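Undergrad: Quick one: this structure, given as structure tokens, is what I'll be asking you about.
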4 protein chains.
Amino acid sequence: MYSFKNDYAEGCHPKILERLVQTNLTQEHGYGEDSFTLQAKKLLREQTNLPQAEIYFLSGGTQTNLLVISSILLNHQAVISAQTGHIYANETGAIEATGHKVIPVQTTTGKLTAAAIEQTIKQFSLRPHVVEPKVVYISNSTETGSIYTKSELEELSVCCRDHGMYLFMDGARLGHALTAENNDLTLADVASLVDVFYIGATKNGALLGEAVVFSNATLAEYFDYNLKQKGALLAKGRLIGIQFMELFTDSLYFTLAAHANSMAYRLKEAIGNKGYSFAGDSTTNQLFPILPLKLISVLQRDFDFYIWQEVDEELAVVRLITSWATTQEAVNQFVAVLNAFDSI
Amino acid sequence: MYSFKNDYAEGCHPKILERLVQTNLTQEHGYGEDSFTLQAKKLLREQTNLPQAEIYFLSGGTQTNLLVISSILLNHQAVISAQTGHIYANETGAIEATGHKVIPVQTTTGKLTAAAIEQTIKQFSLRPHVVEPKVVYISNSTETGSIYTKSELEELSVCCRDHGMYLFMDGARLGHALTAENNDLTLADVASLVDVFYIGATKNGALLGEAVVFSNATLAEYFDYNLKQKGALLAKGRLIGIQFMELFTDSLYFTLAAHANSMAYRLKEAIGNKGYSFAGDSTTNQLFPILPLKLISVLQRDFDFYIWQEVDEELAVVRLITSWATTQEAVNQFVAVLNAFDSI
Amino acid sequence: MYSFKNDYAEGCHPKILERLVQTNLTQEHGYGEDSFTLQAKKLLREQTNLPQAEIYFLSGGTQTNLLVISSILLNHQAVISAQTGHIYANETGAIEATGHKVIPVQTTTGKLTAAAIEQTIKQFSLRPHVVEPKVVYISNSTETGSIYTKSELEELSVCCRDHGMYLFMDGARLGHALTAENNDLTLADVASLVDVFYIGATKNGALLGEAVVFSNATLAEYFDYNLKQKGALLAKGRLIGIQFMELFTDSLYFTLAAHANSMAYRLKEAIGNKGYSFAGDSTTNQLFPILPLKLISVLQRDFDFYIWQEVDEELAVVRLITSWATTQEAVNQFVAVLNAFDSI
Amino acid sequence: MYSFKNDYAEGCHPKILERLVQTNLTQEHGYGEDSFTLQAKKLLREQTNLPQAEIYFLSGGTQTNLLVISSILLNHQAVISAQTGHIYANETGAIEATGHKVIPVQTTTGKLTAAAIEQTIKQFSLRPHVVEPKVVYISNSTETGSIYTKSELEELSVCCRDHGMYLFMDGARLGHALTAENNDLTLADVASLVDVFYIGATKNGALLGEAVVFSNATLAEYFDYNLKQKGALLAKGRLIGIQFMELFTDSLYFTLAAHANSMAYRLKEAIGNKGYSFAGDSTTNQLFPILPLKLISVLQRDFDFYIWQEVDEELAVVRLITSWATTQEAVNQFVAVLNAFDSI
């Protein structure tokens, strides 16, 4: 049984384990003051072209989202998100639990636009009877696998600046976005266009770890306190520091993401060749093909994946995810089963 | 420079790394549903003699404290803690940030007593103008290195039951408590006397990880939701599961803690032999000797440790911590410098 | 200039002031333990036919909504509301500020249905990654002036019971609902069909005051603590007690609401007679006529009201509200201006 | 039975009721935009000598404390209070419920000093493991009836400014403080020495109402949003505006407080003349005499008051409170019973 359920089914890239073994008994300072963490921050400041950025390492996406957003917002302020955004749809009300409304915006693409933000601002104008939208939350790649182009991100960046809002990018799958075939953004572009973003490694080769980069360093003034207060400050910060040190040496992070995408593209091509269509327009490592229920049954004998949504009595959307660890063999096998399926 | 600053200066016990390497590419379910986590829970249920316990794995002490307490308390309820308790003194208001008052109780030993709890209940009786004390928080070992005896814990347990309160033990250093020379509690005793406790591994051989054991399983009814909502649910739960699997195989956890204690005892004996006294009566891996400032200066050339509190112009309390990784050599060196010191 | 902007432009019904004057120097217990409050509770228990109900008096709608909802929900639970619901649209994120998500449901009528609730429950089923919907919030009359029929409320009541959810009715304008021409609910019906509701008086004759009635008294177990903790417990509870005592003597509350409705009906009839249509189907004291901008300009010379929404270059929705204090003369004048308007 | 239990046993000063009656049917804007509220703000700006102050009217002390503090503090910040401070001792954890720690300071007088604040700052210096003390909360008069002198308040003001902290005065009984026989502060002095304070009227002649004055107007930037979000914005703000308009016309507020104090002084003198001592050194309307239990029993036949604390088998501290409404006759009667008591 091979799993295409998610991109966190395996451990981590072997280089990371090697380095953990190598450095294991070195004594280091606690709480992220260790030499590995400092080195990882140095690498990220260089590769984002942001020498002044404030950088912190966290354990997972929900933790990062709630910490960044709750540390930036004042009591009466809110965050705008696509209705499909992870903070709105999949995090057990984590943002609301910190006291802030998430304002959902309907989209067909999973992506926000300046027009949608401006309309939302208008809807929330009857001060003080409504919240003040202050952060715009976007994911890249999005929860449906789509990505932002450079011009789209520039437009959002200008819109946020014009309205005194902060632009925050959830990069749980940033590697997959930046190595997608239709991507025209660099890591430095992202860093220059948003106020704060994170580089997700849990879903791209690490055991755990998200690197929050505050391009707008003033937003990080008290982030250390918030980290500790919310229980996110690891005693052995070295664990995440070492992982980012490895991932951002020799572009390992991007190599891994590109591999995940390329595995997805093979699946996508094979599925398309069989004449099936897709829900959404993913160019990254998440695919949402619409398949016959009979084919799904056949595939389920050998593969694990989510049935995402029932379409009708004959069809359903499934979600297939590839990762840094997805093997060529598994993809070949999947394609073979697919191709062998005769719908008649 | 050798560090006695804390018990999280090194990585983890080598057996853990070996197992991480061995299992690295096995595909597992996410979010703590992996086979390692299930196996670790099985081991803990056996060793606590609590077949029905609900068990969860978290990343650190502050996270665990705030999650357990905030998931148990209703809005108007509060937690009682020694004034030296970690939740009162060292966690950046993490409990208050979840909306709950921590009621401090002055102690000389770092330990709470039934009498102190009953007095606190009386002080908080003017409903609804005061909070309702509902959880009693204790640490074992305490923040000053002391431990609870079986009769002390029984007394607290009865007191809490009588008053409809929950007894919660912070076991960030539970291993050190249960292997202390003057300890008469077993892991199963603890499990039977408290409502919920945790077994800390971050400070005893793991990269990160605390195992929360709900003896009173009804208190855990919605703990999974709370975990996710507060950003504490790791995608790769296997990382902590594997560590507890290793630590609770062949009593590794207790062997490591006993080592830390024995290293502390050598330091304690040597310091005592030189005629220095201690602040507090620690029998675990944290020592608080009162040393001449001149000796401190000499020690600081080779060793790193905290100056805890100034006593007068000539003396200060320092904190020395040993761990599973503390070497015999380092202890010997420390003792040699100590013995070579001539105060005249 | 006469205002139809809201139903809180005047003070209170003169009988209330008379009673305040009469009782002013009587010494009474504080914090809602006064004899007037006790008497008001007695009247409400009789008139709701709920001898065991727990009743509390609060100062306003937002305060009541946030207190009821936050005192009922556990951390991970959420409340379902129509997208037009006051808690979703107009209370500055007050519910979210207590840590809970408000799940919006699109409606055309401002009213929730069992079908909508069941669909929402299905959408929020991926435990623990989503919140647990636990309270259903409805307003009667709704924010658009519509009301629930007895069968609609029964259906919601059954649905909530079947799913272990609590049904909470915001009755900021309950009087107007229960005296609407198409109403078939009694106060006792409401009381028997919901778990908790409130009877709003701020918008129906009082200086301030909402009476929360917990039909399901177990939900009120700790409401007193919550009241105090959120700053809602008035030292001189008599102020609200006296008002409810007066309003629920000789049905004054319903007489006042019926007056407000009848004033609205005259406006509605006159507007309809002129051939204008309405946004929404209000049968209570809020009207949303769609009027020519030119007529609006003419009306604005003598009357104050909100322009609710622009429709196109010639038309806009306005909101007209009548109240217990609206005079026949003001309504006649408005109708006269309306009738004198010649659209050509 | 006459009550000396508190200063909110009666309604309000008759002038207020007269004005409520007089203005009752005038149409006014809602939410504190009415003409009475604007006029009351004008009076307060003049009498505090703070033309730029931001002023808001709230309903009670707990509500005001929690709103001011939670709107000023960032997530990781805390408030320092005397252990006897109302926010620490008597408000059901209201501040903690907004997410902030209250740091208690032991005092013998109920008053904070610069020295105590500086010591607290030192104790909370291990960033980020501890909260950042940011607001100093004082009450004037204090919960034990004592008052701050001008030099004491100046010292606190300088200390707070030096440390970048905000000074907040709870003035629930400010009138009684400023009219105490040993007072040397004016309202304008208070206004110039603190960042924010409130003028309590609930306990000095109003039905309800506290006026928050932000001397440091920048702290009020988003207070309107916070007011609404916490359910403290009254639809009919006129109710409190009218009361402050009356109380700050012809110094009624101070006349009423001076009356309360003078009634207390008569009691104090009579009790002292009988040879009884007092717990604490009150010069305002709260007295804490230490009386024989037998005398207490006799007094309880005719008077209602709190037994504050048992001293030993023969003595207890009681609390006697006078108010704007306390009658000469009641005081005379109390003194008569007292004088008639023969302890043998």
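Labeling convention for the structure tokens: chains A, B, ... as they appear, residues from 1 per chain, ligands from 1 in order of appearance.
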Can you work out which residues from chain D touch chain B at a cut-off of 7 Å (counting only C-alpha atoms) and hand them back as a VMD selection string?
TA: chain D and resid 76 90 to 93 96 to 101 128 to 131
Undergrad: Write the selection just made, keeping all heavy atoms, as a compact mmCIF listing (two decimals), in the first residue's frame?
TA:
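Dumped to selection_31.txt:
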# COMPACT_ATOMS: atom_id res chain seq x y z
N HIS D 76 2.04 40.11 25.46
CA HIS D 76 3.04 39.61 26.42
C HIS D 76 3.21 40.53 27.62
O HIS D 76 4.09 40.30 28.43
CB HIS D 76 4.38 39.49 25.71
CG HIS D 76 4.95 40.84 25.37
ND1 HIS D 76 4.43 41.65 24.39
CD2 HIS D 76 5.98 41.53 25.90
CE1 HIS D 76 5.11 42.77 24.32
NE2 HIS D 76 6.06 42.72 25.23
N ASN D 90 -10.72 41.09 43.50
CA ASN D 90 -12.18 41.08 43.52
C ASN D 90 -12.88 41.08 42.19
O ASN D 90 -14.05 41.45 42.11
CB ASN D 90 -12.68 42.32 44.30
CG ASN D 90 -12.39 42.21 45.76
OD1 ASN D 90 -11.35 42.66 46.21
ND2 ASN D 90 -13.28 41.57 46.51
N GLU D 91 -12.21 40.73 41.13
CA GLU D 91 -12.90 40.86 39.85
C GLU D 91 -12.89 39.55 39.05
O GLU D 91 -12.89 39.56 37.83
CB GLU D 91 -12.31 42.04 39.06
CG GLU D 91 -12.47 43.36 39.84
CD GLU D 91 -12.05 44.62 39.09
OE1 GLU D 91 -11.49 44.50 37.99
OE2 GLU D 91 -12.31 45.71 39.62
N THR D 92 -12.92 38.44 39.76
CA THR D 92 -13.12 37.13 39.12
C THR D 92 -12.14 36.89 37.97
O THR D 92 -12.51 36.32 36.93
CB THR D 92 -14.58 37.01 38.60
OG1 THR D 92 -15.46 37.64 39.52
CG2 THR D 92 -15.00 35.56 38.47
N GLY D 93 -10.92 37.35 38.17
CA GLY D 93 -9.92 37.10 37.13
C GLY D 93 -10.24 37.80 35.82
O GLY D 93 -9.87 37.32 34.75
N GLU D 96 -7.07 38.64 33.79
CA GLU D 96 -6.49 37.41 33.24
C GLU D 96 -7.37 36.86 32.13
O GLU D 96 -6.87 36.29 31.16
CB GLU D 96 -6.33 36.36 34.36
CG GLU D 96 -5.26 36.73 35.41
CD GLU D 96 -5.82 37.53 36.57
OE1 GLU D 96 -6.96 38.04 36.47
OE2 GLU D 96 -5.12 37.65 37.60
N ALA D 97 -8.67 37.02 32.26
CA ALA D 97 -9.57 36.53 31.21
C ALA D 97 -9.35 37.25 29.89
O ALA D 97 -9.71 36.74 28.83
CB ALA D 97 -11.03 36.66 31.65
N THR D 98 -8.74 38.43 29.93
CA THR D 98 -8.39 39.10 28.67
C THR D 98 -6.98 38.71 28.23
O THR D 98 -6.48 39.23 27.22
CB THR D 98 -8.46 40.64 28.79
OG1 THR D 98 -7.41 41.09 29.68
CG2 THR D 98 -9.80 41.11 29.31
N GLY D 99 -6.33 37.81 28.99
CA GLY D 99 -5.05 37.28 28.55
C GLY D 99 -3.82 37.85 29.23
O GLY D 99 -2.70 37.53 28.83
N HIS D 100 -4.02 38.64 30.28
CA HIS D 100 -2.87 39.32 30.89
C HIS D 100 -2.69 38.98 32.36
O HIS D 100 -3.65 38.93 33.11
CB HIS D 100 -3.04 40.83 30.73
CG HIS D 100 -3.14 41.24 29.30
ND1 HIS D 100 -2.05 41.29 28.47
CD2 HIS D 100 -4.21 41.56 28.53
CE1 HIS D 100 -2.43 41.64 27.26
NE2 HIS D 100 -3.74 41.80 27.27
N LYS D 101 -1.44 38.79 32.73
CA LYS D 101 -1.12 38.51 34.12
C LYS D 101 -1.23 39.79 34.94
O LYS D 101 -0.86 40.87 34.48
CB LYS D 101 0.33 38.01 34.19
CG LYS D 101 0.73 37.41 35.52
CD LYS D 101 2.23 37.08 35.55
CE LYS D 101 2.58 36.15 36.69
NZ LYS D 101 2.26 34.75 36.39
N PRO D 128 12.73 36.11 27.09
CA PRO D 128 11.28 36.24 26.98
C PRO D 128 10.53 35.28 27.90
O PRO D 128 9.39 34.95 27.63
CB PRO D 128 11.05 35.82 25.53
CG PRO D 128 12.02 34.67 25.35
CD PRO D 128 13.23 35.03 26.20
N HIS D 129 11.17 34.83 28.97
CA HIS D 129 10.56 33.80 29.82
C HIS D 129 9.58 34.36 30.84
O HIS D 129 8.94 33.60 31.57
CB HIS D 129 11.64 32.98 30.51
CG HIS D 129 12.47 32.21 29.54
ND1 HIS D 129 12.16 30.94 29.15
CD2 HIS D 129 13.56 32.57 28.82
CE1 HIS D 129 13.04 30.52 28.26
NE2 HIS D 129 13.90 31.49 28.03
N VAL D 130 9.52 35.67 30.92
CA VAL D 130 8.59 36.31 31.86
C VAL D 130 7.83 37.40 31.12
O VAL D 130 8.25 37.86 30.06
CB VAL D 130 9.36 36.94 33.05
CG1 VAL D 130 9.96 35.86 33.93
CG2 VAL D 130 10.44 37.88 32.55
N VAL D 131 6.72 37.80 31.67
CA VAL D 131 5.94 38.89 31.08
C VAL D 131 6.68 40.22 31.24
O VAL D 131 7.57 40.35 32.07
CB VAL D 131 4.55 39.00 31.74
CG1 VAL D 131 3.72 37.76 31.42
CG2 VAL D 131 4.68 39.18 33.25
Undergrad: Report as a PyMOL selection string all protein, DNA and RNA residues lying within 9 Å of segment 207-219 of chain B, evaluated on only C-alpha atoms, omitting residues in the same chain fewer than 6 positions from it.
TA: (chain A and resi 234-236+239) or (chain B and resi 8+10-13+16+41+44-45+48+50+52-61+64+68+71-72+171-172+191-201+239-241+243-244)
Undergrad: May I have the residues from that selection written out with C-alpha atoms, as a tab-separated table (two decimals), in the first residue's frame?
TA:
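As a result, result-v7.tsv now contains:
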chain	number	residue	atom	x	y	z
A	234	LEU	CA	11.66	24.76	21.79
A	235	ALA	CA	14.27	24.15	24.47
A	236	LYS	CA	16.39	22.42	21.85
A	239	LEU	CA	16.61	20.55	16.15
B	8	TYR	CA	18.92	20.45	27.26
B	10	GLU	CA	22.89	18.17	23.96
B	11	GLY	CA	20.81	16.40	21.35
B	12	CYS	CA	19.27	13.07	22.34
B	13	HIS	CA	20.24	9.62	23.44
B	16	ILE	CA	16.78	7.48	19.54
B	41	LYS	CA	1.13	4.79	24.17
B	44	LEU	CA	3.06	3.93	28.80
B	45	ARG	CA	-0.37	2.47	29.55
B	48	THR	CA	1.60	3.40	34.45
B	50	LEU	CA	-3.53	2.59	33.50
B	52	GLN	CA	-7.69	3.30	30.08
B	53	ALA	CA	-5.47	6.36	30.22
B	54	GLU	CA	-5.68	8.90	27.43
B	55	ILE	CA	-2.19	9.83	26.29
B	56	TYR	CA	-0.94	12.62	24.04
B	57	PHE	CA	2.53	13.69	23.01
B	58	LEU	CA	3.53	17.35	23.01
B	59	SER	CA	6.64	19.36	22.25
B	60	GLY	CA	7.57	21.17	25.45
B	61	GLY	CA	6.69	22.05	29.00
B	64	THR	CA	1.89	21.15	27.79
B	68	VAL	CA	-3.69	20.80	29.90
B	71	SER	CA	-8.53	22.45	28.30
B	72	ILE	CA	-9.64	21.49	31.81
B	171	GLY	CA	6.70	16.10	35.18
B	172	ALA	CA	9.20	18.00	33.06
B	191	ALA	CA	-0.57	7.80	37.79
B	192	SER	CA	-3.05	6.61	40.39
B	193	LEU	CA	-2.82	9.71	42.60
B	194	VAL	CA	-3.18	12.55	40.09
B	195	ASP	CA	-5.80	13.37	37.48
B	196	VAL	CA	-3.29	14.22	34.81
B	197	PHE	CA	0.48	14.45	34.63
B	198	TYR	CA	3.19	14.48	32.09
B	199	ILE	CA	6.42	12.62	31.60
B	200	GLY	CA	9.05	15.03	30.39
B	201	ALA	CA	11.59	13.81	27.91
B	239	LEU	CA	9.06	12.06	15.78
B	240	ILE	CA	7.91	12.07	19.40
B	241	GLY	CA	6.34	8.62	19.31
B	243	GLN	CA	11.44	8.78	21.16
B	244	PHE	CA	9.03	7.62	23.85
Undergrad: Can you list, as a list in words, every protein, DNA or RNA residue that comes within 10 Å of Thr249 of chain A when you count only C-alpha atoms, leaving out same-chain residues fewer than 3 positions away?
TA: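 Returned residues: Ala40, Leu43, Leu44, Phe244, Met245, Glu246, Leu252 and Tyr253 of chain A.
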Undergrad: Keeping only N, CA, C and O atoms, write the selected residues to a file as a PDB file, in the first residue's frame.
TA:
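Below is the file that was written, result.pdb:
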ATOM      1  N   ALA A  40      21.622  28.951  10.326  1.00  0.00           N
ATOM      2  CA  ALA A  40      20.451  28.833   9.442  1.00  0.00           C
ATOM      3  C   ALA A  40      19.851  30.210   9.169  1.00  0.00           C
ATOM      4  O   ALA A  40      19.460  30.522   8.034  1.00  0.00           O
ATOM      5  N   LEU A  43      21.974  31.965   6.580  1.00  0.00           N
ATOM      6  CA  LEU A  43      21.705  31.478   5.226  1.00  0.00           C
ATOM      7  C   LEU A  43      20.400  32.067   4.678  1.00  0.00           C
ATOM      8  O   LEU A  43      20.332  32.476   3.515  1.00  0.00           O
ATOM      9  N   LEU A  44      19.389  32.098   5.512  1.00  0.00           N
ATOM     10  CA  LEU A  44      18.101  32.600   5.032  1.00  0.00           C
ATOM     11  C   LEU A  44      18.155  34.101   4.769  1.00  0.00           C
ATOM     12  O   LEU A  44      17.554  34.583   3.798  1.00  0.00           O
ATOM     13  N   PHE A 244      17.085  23.468   8.866  1.00  0.00           N
ATOM     14  CA  PHE A 244      17.112  24.557   7.885  1.00  0.00           C
ATOM     15  C   PHE A 244      18.522  24.803   7.366  1.00  0.00           C
ATOM     16  O   PHE A 244      18.701  25.189   6.206  1.00  0.00           O
ATOM     17  N   MET A 245      19.517  24.582   8.214  1.00  0.00           N
ATOM     18  CA  MET A 245      20.910  24.704   7.772  1.00  0.00           C
ATOM     19  C   MET A 245      21.159  23.749   6.608  1.00  0.00           C
ATOM     20  O   MET A 245      21.725  24.134   5.583  1.00  0.00           O
ATOM     21  N   GLU A 246      20.697  22.525   6.775  1.00  0.00           N
ATOM     22  CA  GLU A 246      20.881  21.544   5.704  1.00  0.00           C
ATOM     23  C   GLU A 246      20.058  21.882   4.462  1.00  0.00           C
ATOM     24  O   GLU A 246      20.537  21.798   3.334  1.00  0.00           O
ATOM     25  N   LEU A 252      19.075  22.423  -1.312  1.00  0.00           N
ATOM     26  CA  LEU A 252      18.383  21.150  -1.109  1.00  0.00           C
ATOM     27  C   LEU A 252      16.865  21.351  -1.039  1.00  0.00           C
ATOM     28  O   LEU A 252      16.090  20.579  -1.607  1.00  0.00           O
ATOM     29  N   TYR A 253      16.443  22.423  -0.340  1.00  0.00           N
ATOM     30  CA  TYR A 253      15.009  22.701  -0.183  1.00  0.00           C
ATOM     31  C   TYR A 253      14.305  22.755  -1.541  1.00  0.00           C
ATOM     32  O   TYR A 253      13.235  22.171  -1.720  1.00  0.00           O
TER      33      TYR A 253
END
Undergrad: At a cut-off of 7 Å, using only C-alpha atoms, what residues contact Thr284 of chain D? Leave out same-chain residues fewer than 6 positions from it and give the result as a list in words.
TA: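 The contact residues come out as Gly145, Ser146, His176, Ala177, Ala180, Asn261 and Ala264 of chain D.
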Undergrad: Rounded to one decimal in Å, what is the spacing between atom CA of Leu291 of chain B and atom CA of Gly175 of chain B?
TA: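 Between atom CA of Leu291 of chain B and atom CA of Gly175 of chain B the gap is 27.7 Å.
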Undergrad: Please measure the separation of atom CA of Ser297 of chain D and atom CA of Glu313 of chain D, giving the value in Å to one decimal.
TA: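 Value for the atom CA of Ser297 of chain D-atom CA of Glu313 of chain D distance: 13.7 Å.
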Undergrad: Run DSSP on the backbone of this structure and report the residues of segment 107-219 of chain A it assigns to strand (DSSP E), as a ChimeraX atom specification.
TA: /A:132-139,166-170,196-200,210-214
Undergrad: Compare A:Gln229, A:Asn332, A:Thr144, A:Gln119 by their minimum atom-to-atom distance to Asn65 of chain B, counting only C-alpha atoms, and give me the closest one.
TA: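 Of A:Gln229, A:Asn332, A:Thr144, A:Gln119, the one nearest Asn65 of chain B is A:Gln229, counting only C-alpha atoms.
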Undergrad: Applying 6 Å and only C-alpha atoms, which residues near segment 159-165 of chain C remain after dropping the ones on its own chain fewer than 3 positions away? List them as a list in words.
TA: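 In the requested form, the answer reads Ala114, Lys134, Val135 and Leu156 of chain C.
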Undergrad: Compile the contact shell of Phe334 of chain B as a ChimeraX atom specification: residues with an atom at most 10 Å away, counting only C-alpha atoms, same-chain residues fewer than 4 positions apart removed.
TA: /B:2,4,267,270,299,302-303,328-330,338-340
Undergrad: Find the spatial neighbours of Ile307 of chain D, counting only C-alpha atoms, within a cut-off of 12 Å - ignore same-chain residues fewer than 2 positions away - and output them as a list in words.
TA: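 Once the nearby chain positions are removed, what remains is Phe4, Lys5, Leu287, Phe288, Pro289, Ile290, Leu291, Pro292, Leu293, Ile296, Ser297, Leu299, Gln300, Phe303, Asp304, Phe305, Gln309, Glu310, Val311, Leu315, Ala316, Val317, Val318, Arg319 and Leu320 of chain D.
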Undergrad: Please return as number ranges by chain: the residues of segment 238-307 of chain C that backbone DSSP assigns to helix (DSSP H, G or I).
TA: C: 238-247, 252-273, 293-300
Undergrad: Save the residues we just selected, C-alpha atoms, as a tab-separated table (two decimals), in the first residue's frame?
TA:
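What follows is the written file selection-v9.tsv:
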chain	number	residue	atom	x	y	z
C	238	ARG	CA	-32.13	47.44	40.57
C	239	LEU	CA	-31.87	49.76	37.57
C	240	ILE	CA	-32.68	46.94	35.16
C	241	GLY	CA	-34.84	44.98	37.56
C	242	ILE	CA	-37.22	47.88	37.96
C	243	GLN	CA	-37.52	48.31	34.21
C	244	PHE	CA	-38.42	44.69	33.57
C	245	MET	CA	-40.81	44.78	36.51
C	246	GLU	CA	-42.66	47.61	34.83
C	247	LEU	CA	-42.45	46.21	31.31
C	252	LEU	CA	-46.53	46.90	28.73
C	253	TYR	CA	-43.65	45.28	26.84
C	254	PHE	CA	-45.97	43.85	24.23
C	255	THR	CA	-48.13	46.95	24.02
C	256	LEU	CA	-45.06	49.01	23.22
C	257	ALA	CA	-43.82	46.59	20.59
C	258	ALA	CA	-47.23	46.39	18.98
C	259	HIS	CA	-47.26	50.17	18.75
C	260	ALA	CA	-43.89	50.17	17.01
C	261	ASN	CA	-45.12	47.56	14.55
C	262	SER	CA	-48.33	49.43	13.83
C	263	MET	CA	-46.37	52.58	13.06
C	264	ALA	CA	-44.21	50.55	10.70
C	265	TYR	CA	-47.24	49.07	9.00
C	266	ARG	CA	-48.58	52.53	8.20
C	267	LEU	CA	-45.30	53.46	6.62
C	268	LYS	CA	-45.18	50.17	4.79
C	269	GLU	CA	-48.64	50.55	3.43
C	270	ALA	CA	-48.05	54.09	2.26
C	271	ILE	CA	-44.78	53.17	0.60
C	272	GLY	CA	-46.37	50.16	-1.06
C	273	ASN	CA	-49.28	52.26	-2.23
C	293	LEU	CA	-32.67	58.82	-4.77
C	294	LYS	CA	-34.67	61.95	-5.51
C	295	LEU	CA	-37.35	60.98	-3.02
C	296	ILE	CA	-34.68	60.12	-0.50
C	297	SER	CA	-33.25	63.62	-0.84
C	298	VAL	CA	-36.64	65.15	-0.26
C	299	LEU	CA	-37.32	62.96	2.77
C	300	GLN	CA	-33.91	63.78	4.24
Undergrad: Could you tell me how far atom CA of Phe168 of chain D sits from atom CA of Asn49 of chain D, in Å to one decimal place?
TA: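 Atom CA of Asn49 of chain D sits 17.8 Å away from atom CA of Phe168 of chain D.
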Undergrad: So, counting only C-alpha atoms, which residue among B:Gln286, B:Tyr31, B:Ala116, B:Thr186 is closest to Glu155 of chain B?
TA: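 Of B:Gln286, B:Tyr31, B:Ala116, B:Thr186, the one nearest Glu155 of chain B, counting only C-alpha atoms, is B:Ala116.
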